[in-house]
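Asker: Following this message is one structure expressed as structure tokens.
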Amino acid sequence: MSHKSGFVNIIGNPNVGKSTLINALTGEKISIVSPKAQTTRQRVLGFLSTDDYQIVFSDTPGYVENPAYELHRKMLGYINAAFEDADIVILLIEPGTRDLNPDLLLRLQNLKVPLIVCINKIDLSQQEKMMELMKYYGEVFPNGDVMLISALHNFNVDVLLGRVIELLPEHPAYYPKDVLSDRHLRFFVSEMIREQIFYLFEKEIPYHSEVIIEYYKEDENIPKIGATIFVSRESQKRILIGHGGSSVKKLGVQSRKSIEEFLGQHVFLDLNVKVKDWRDDETTLKQMGF
Ligand SMILES: Nc1nc2c(ncn2[C@@H]2O[C@H](COP(=O)(O)OP(=O)(O)OP(=O)(O)O)[C@@H](O)[C@H]2O)c(=O)[nH]1
Ligand SMILES: [Mg+2]
């Protein structure tokens, strides 16, 4: 019997809902989500497998307009990689967006694989404007499909999935059928702490924070997890820790709750804050998994 499989890579500007979409498509928490731009920094794969097919969905960072740090260049590198191995590209757009970066636009127009343009967050816009936007993108990408979705409210996500399955090439499965992602537990745990940093802290703090899991002891009744949060400057460390440690304590409680929900069990979580100018440091970025 024939079997379908392929890489379906979600690409778009920051904050358009790419991570929300990969979670909706797979039905799992594959990628962290926040209301702030540039939440996703690495490529994360999420798999949807049945007897007949395996879809390898890929979440990518939002397109970085002006890369200023090595971190940004790494983020752009993941987008490049997603262009290279895609069997299908989903371009995610926010209502009202008409200008894509010229380089991004050109690459999308010259794709050798099918393109599905999804206008997301349609719950936030009027029908008439959506129709205009659909027409506009239909003209910009005459070979692509254009559809309206809401990743957050699960509207038309099933229609998108149906189209993806139609377009999927015949190929054996790339990954074992019983796994959900290419990432291990430590990655998800560090990302969930980072997600809470995006929710709890303002201004530059989330953008200067990265999390490393130092230990994950599963041999105990309740797993013990130790994580270090790296920030670039002493002043940022003071903000993260807060008066008498109040802010880092709150971060610890919220992160622990989210990790416990993910794992379905209690954990101990110990957070440490350290200063290191990690965003421009190749070696440190490598240690952080970039
Ligand atoms: N109203 C509405 N909000 C949405 C929808 N989809 C996503 N969002 C919200 O948009 C924000 C950004 O979502 P993400 O999934 O983190 O966006 P992203 O494209 O992955 O962002 P980066 O990783 O920063 O590039 C979050 O606050 C989501 O809840 C939608 O269909 N409707
Ligand atoms: Mg994201």
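Starting from 1 in every chain, residues are counted up; chains themselves are A, B, ... following the order of the structure tokens, and ligands are numbered from 1 as listed.
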Near Pro206 in chain A, within 9 Å and counting only C-alpha atoms, which residues show up once chain neighbours fewer than 6 positions away are dropped, as a list of chain:residue names?

Answerer: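 Within the cut-off, the hits are A:Thr39, A:Arg194, A:Glu195, A:Ile197, A:Phe198, A:Tyr199, A:Leu200, A:Val231.
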
Asker: Kindly provide, as an NGL selection string, all nucleotide and amino acid residues lying within 10 Å of ligand 2, counting only C-alpha atoms and all ligand atoms.

Answerer: :A and (10-22 or 31-44 or 59-62)

Asker: Please dump the current selection as a compact mmCIF listing (two decimals), in the first residue's frame; keep N, CA and C atoms.

Answerer:
```txt
# COMPACT_ATOMS: atom_id res chain seq x y z
N ILE A 10 6.26 25.75 8.16
CA ILE A 10 5.45 26.96 8.39
C ILE A 10 6.40 28.15 8.49
N ILE A 11 6.17 29.12 7.62
CA ILE A 11 7.07 30.27 7.51
C ILE A 11 6.22 31.55 7.58
N GLY A 12 6.80 32.63 8.10
CA GLY A 12 6.06 33.90 8.11
C GLY A 12 6.74 34.94 8.97
N ASN A 13 6.14 36.10 9.04
CA ASN A 13 6.66 37.17 9.88
C ASN A 13 6.52 36.79 11.36
N PRO A 14 7.20 37.51 12.26
CA PRO A 14 7.04 37.22 13.68
C PRO A 14 5.59 37.44 14.14
N ASN A 15 5.17 36.62 15.10
CA ASN A 15 3.91 36.85 15.83
C ASN A 15 2.63 36.60 15.01
N VAL A 16 2.76 35.98 13.85
CA VAL A 16 1.55 35.75 13.03
C VAL A 16 0.76 34.52 13.49
N GLY A 17 1.37 33.71 14.37
CA GLY A 17 0.66 32.54 14.90
C GLY A 17 1.19 31.20 14.41
N LYS A 18 2.47 31.17 13.99
CA LYS A 18 3.06 29.93 13.45
C LYS A 18 3.07 28.82 14.51
N SER A 19 3.48 29.19 15.72
CA SER A 19 3.57 28.16 16.77
C SER A 19 2.18 27.71 17.20
N THR A 20 1.24 28.66 17.26
CA THR A 20 -0.15 28.29 17.58
C THR A 20 -0.66 27.30 16.54
N LEU A 21 -0.27 27.53 15.29
CA LEU A 21 -0.75 26.66 14.20
C LEU A 21 -0.14 25.26 14.28
N ILE A 22 1.15 25.15 14.55
CA ILE A 22 1.74 23.80 14.61
C ILE A 22 1.10 23.01 15.77
N SER A 31 5.31 23.76 20.38
CA SER A 31 6.07 25.00 20.34
C SER A 31 5.42 26.05 21.26
N ILE A 32 6.26 26.84 21.91
CA ILE A 32 5.71 27.82 22.85
C ILE A 32 5.13 29.03 22.12
N VAL A 33 4.17 29.66 22.78
CA VAL A 33 3.40 30.76 22.17
C VAL A 33 3.41 31.94 23.13
N SER A 34 3.54 33.15 22.61
CA SER A 34 3.34 34.34 23.45
C SER A 34 2.86 35.49 22.60
N PRO A 35 2.29 36.52 23.25
CA PRO A 35 1.81 37.68 22.48
C PRO A 35 2.96 38.54 21.95
N LYS A 36 4.19 38.25 22.36
CA LYS A 36 5.32 39.08 21.91
C LYS A 36 5.99 38.46 20.68
N ALA A 37 6.55 39.34 19.84
CA ALA A 37 7.21 38.88 18.62
C ALA A 37 8.51 38.15 18.94
N GLN A 38 8.93 37.28 18.01
CA GLN A 38 10.20 36.54 18.12
C GLN A 38 10.29 35.65 19.36
N THR A 39 9.19 34.97 19.64
CA THR A 39 9.19 34.00 20.74
C THR A 39 9.97 32.75 20.33
N THR A 40 9.71 32.26 19.13
CA THR A 40 10.40 31.05 18.65
C THR A 40 11.79 31.41 18.15
N ARG A 41 12.79 30.65 18.62
CA ARG A 41 14.18 30.95 18.22
C ARG A 41 14.81 29.81 17.45
N GLN A 42 14.27 28.61 17.59
CA GLN A 42 14.85 27.46 16.90
C GLN A 42 13.77 26.79 16.07
N ARG A 43 14.22 25.87 15.25
CA ARG A 43 13.28 25.09 14.48
C ARG A 43 12.78 23.94 15.34
N VAL A 44 11.51 23.70 15.35
CA VAL A 44 10.95 22.58 16.11
C VAL A 44 10.07 21.77 15.17
N ASP A 59 7.95 24.20 12.73
CA ASP A 59 7.77 25.59 13.15
C ASP A 59 9.12 26.28 13.01
N THR A 60 9.10 27.53 12.57
CA THR A 60 10.35 28.28 12.41
C THR A 60 10.24 29.61 13.14
N PRO A 61 11.38 30.25 13.41
CA PRO A 61 11.31 31.61 13.94
C PRO A 61 10.66 32.54 12.91
N GLY A 62 10.11 33.65 13.38
CA GLY A 62 9.59 34.66 12.47
C GLY A 62 10.74 35.30 11.70
```

Asker: Mind checking which residues fall within 10 Å of His72 in chain A, counting only C-alpha atoms, ignoring those fewer than 2 positions away in the same chain, and posting them as a list in words?

Answerer: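 Returned residues: Gln38, Arg41, Pro61, Tyr63, Val64, Glu65, Asn66, Pro67, Ala68, Tyr69, Glu70, Lys74, Met75, Leu76, Gly77, Tyr78, Arg279 and Asp280 of chain A.
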
Asker: Only C-alpha atoms, please: the residues just picked out, written as a PDB file, in the first residue's frame.

Answerer:
```pdb
ATOM      1  CA  GLN A  38      10.197  36.538  18.119  1.00  0.00           C
ATOM      2  CA  ARG A  41      14.176  30.945  18.217  1.00  0.00           C
ATOM      3  CA  PRO A  61      11.305  31.612  13.945  1.00  0.00           C
ATOM      4  CA  TYR A  63      11.498  36.325   9.631  1.00  0.00           C
ATOM      5  CA  VAL A  64      14.210  38.590  11.085  1.00  0.00           C
ATOM      6  CA  GLU A  65      14.357  41.857   9.114  1.00  0.00           C
ATOM      7  CA  ASN A  66      17.616  43.258  10.422  1.00  0.00           C
ATOM      8  CA  PRO A  67      19.820  40.607  12.000  1.00  0.00           C
ATOM      9  CA  ALA A  68      21.885  42.383  14.660  1.00  0.00           C
ATOM     10  CA  TYR A  69      23.274  39.460  16.642  1.00  0.00           C
ATOM     11  CA  GLU A  70      24.643  36.001  16.012  1.00  0.00           C
ATOM     12  CA  LYS A  74      21.043  31.557  13.571  1.00  0.00           C
ATOM     13  CA  MET A  75      17.303  32.272  13.484  1.00  0.00           C
ATOM     14  CA  LEU A  76      17.550  33.225   9.801  1.00  0.00           C
ATOM     15  CA  GLY A  77      19.576  30.053   9.227  1.00  0.00           C
ATOM     16  CA  TYR A  78      16.617  27.972  10.459  1.00  0.00           C
ATOM     17  CA  ARG A 279      23.420  36.446  22.085  1.00  0.00           C
ATOM     18  CA  ASP A 280      26.619  37.179  20.201  1.00  0.00           C
TER      19      ASP A 280
END
```

Asker: Select, from A:Ile55, A:Ala81, A:Ile30, A:Leu152, the residue with the minimum atom-to-atom distance to ligand 1, counting only C-alpha atoms and all ligand atoms.

Answerer: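 Checking each of A:Ile55, A:Ala81, A:Ile30, A:Leu152 against ligand 1, counting only C-alpha atoms and all ligand atoms, the winner is A:Leu152.
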
Asker: Considering only C-alpha atoms, return as a list of chain:residue names whatever protein or nucleic-acid residues lie within 10 Å of Leu161 in chain A, sequence-local ones (same chain, fewer than 4 positions apart) excluded.

Answerer: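 So, after excluding close chain neighbours, the residues are A:Leu25, A:Thr26, A:Ile55, A:Asn156, A:Val157, A:Ile165, A:Glu166, A:Leu167.
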
Asker: Point out the residue among A:Lys249, A:Lys203, A:Lys29, A:Lys224 with the least atom-to-atom distance to ligand 1, counting only C-alpha atoms and all ligand atoms.

Answerer: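 Comparing A:Lys249, A:Lys203, A:Lys29, A:Lys224 against ligand 1, the winner is A:Lys29.
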
Asker: Any chance you could list, as JSON, numbers by chain, the residues in range 57-253 of chain A that come up alpha helix (DSSP H) when DSSP is run on the backbone?

Answerer: {"A": [70, 71, 72, 73, 74, 75, 76, 77, 78, 79, 80, 81, 82, 83, 84, 102, 103, 104, 105, 106, 107, 108, 109, 127, 128, 129, 130, 131, 132, 133, 134, 135, 136, 137, 138, 139, 140, 157, 158, 159, 160, 161, 162, 163, 164, 165, 166, 167, 185, 186, 187, 188, 189, 190, 191, 192, 193, 194, 195, 196, 197, 198, 199, 200, 234, 235, 236, 237, 238, 239, 240, 241, 246, 247, 248, 249, 250, 251, 252, 253]}

Asker: Give me, as a list of chain:residue names, all polymer residues having an atom no more than 9 Å from range 96-98 of chain A, counting only C-alpha atoms and skipping those fewer than 3 positions away in the same chain.

Answerer: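 In the requested form, the answer reads A:Ile93, A:Ser125, A:Lys129, A:Met130, A:Leu133, A:Tyr136, A:Tyr137.
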
Asker: Could you work out how far CA of Leu92 in chain A lies from atom 18 (P, counted along the ligand's line) of ligand 1, giving the answer in Å with one decimal?

Answerer: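 Separation between atom 18 (P, counted along the ligand's line) of ligand 1 and CA of Leu92 in chain A: 9.2 Å.
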
Asker: For Ile239 in chain A, list every protein, DNA or RNA residue within 12 Å, evaluated using only C-alpha atoms, and leave out those in the same chain fewer than 3 positions away; present the list as a ChimeraX atom specification.

Answerer: /A:197,200-206,208-209,231-236,242-248,251,273

Asker: Go ahead and compute the interatomic distance for CA of Phe188 in chain A and CA of Asp277 in chain A, in Å to one decimal.

Answerer: 23.2 Å

Asker: My list of candidates is A:Ile149, A:Asp219, A:Leu71, A:Asp51. Which is closest to Glu94 in chain A when distances are computed with only C-alpha atoms?

Answerer: A:Ile149

Asker: Between A:Gly162, A:Gly144, A:Gly27, A:Pro169, single out the one closest to Ser5 in chain A, counting only C-alpha atoms.

Answerer: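 Looking only at the distances to Ser5 in chain A, the closest residue turns out to be A:Pro169.
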